[in-house]
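Chemist: Below is one structure. I have some questions about it.
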Amino acid sequence: MVPKVVLLMAGTNDINYQEDLSNAPARLDALIDEIFSYTPSATVLVSDIPLIVDSTLEPLVQTYNAGVLE
């Protein structure tokens, strides 16, 4: 069965581990492209990252979320 809707929340581990953050939006785009390659008619809903408990990471979350919205 092919999904009609995909809810995607990705990037939390990138923030937590501060892993290649400058390329995180590009990796997210690639993931979305891959999802569409398997399910071209699906609606893909991309969530931003919710509040992280570690307040020192919050600026990184805001930057990532801004990249998601682009």
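By convention here, the chains of the structure tokens are called A, B, ... in the order presented, each chain's residues are numbered starting at 1, and ligands are numbered starting at 1 in the order presented.
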Just want the 7 Å neighbourhood of stretch 54-67 of chain A, counted on only C-alpha atoms, with same-chain residues fewer than 3 positions away dropped. Output as an MDAnalysis selection string.
Modeler: chainID A and resid 15 25 48:49 70
Chemist: Record the distance separating atom CA of A:Ser41 and atom CA of A:Lys4, expressed in Å with one decimal.
Modeler: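 Value for the atom CA of A:Ser41-atom CA of A:Lys4 distance: 7.0 Å.
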Chemist: Where in stretch 12-66 of chain A does DSSP assign alpha helix (DSSP H), given as a VMD selection string?
Modeler: chain A and resid 12 to 17 24 to 38 58 to 66
Chemist: So, with only C-alpha atoms as the atoms that count, which of A:Ala30, A:Ala42, A:Ile52, A:Leu69 lies closest to A:Thr12?
Modeler: A:Ile52
Chemist: Would you pick out the contacts of A:Thr43 at 12 Å or less, using only C-alpha atoms, so that residues sharing its chain but fewer than 2 positions from it are not included, and give the list as a ChimeraX atom specification?
Modeler: /A:2-8,32,35-36,39-41,45-46
Chemist: DSSP on the backbone: which residues in chain A end up as strand (DSSP E)? Give the answer as a ChimeraX atom specification.
Modeler: /A:5-8,43-46
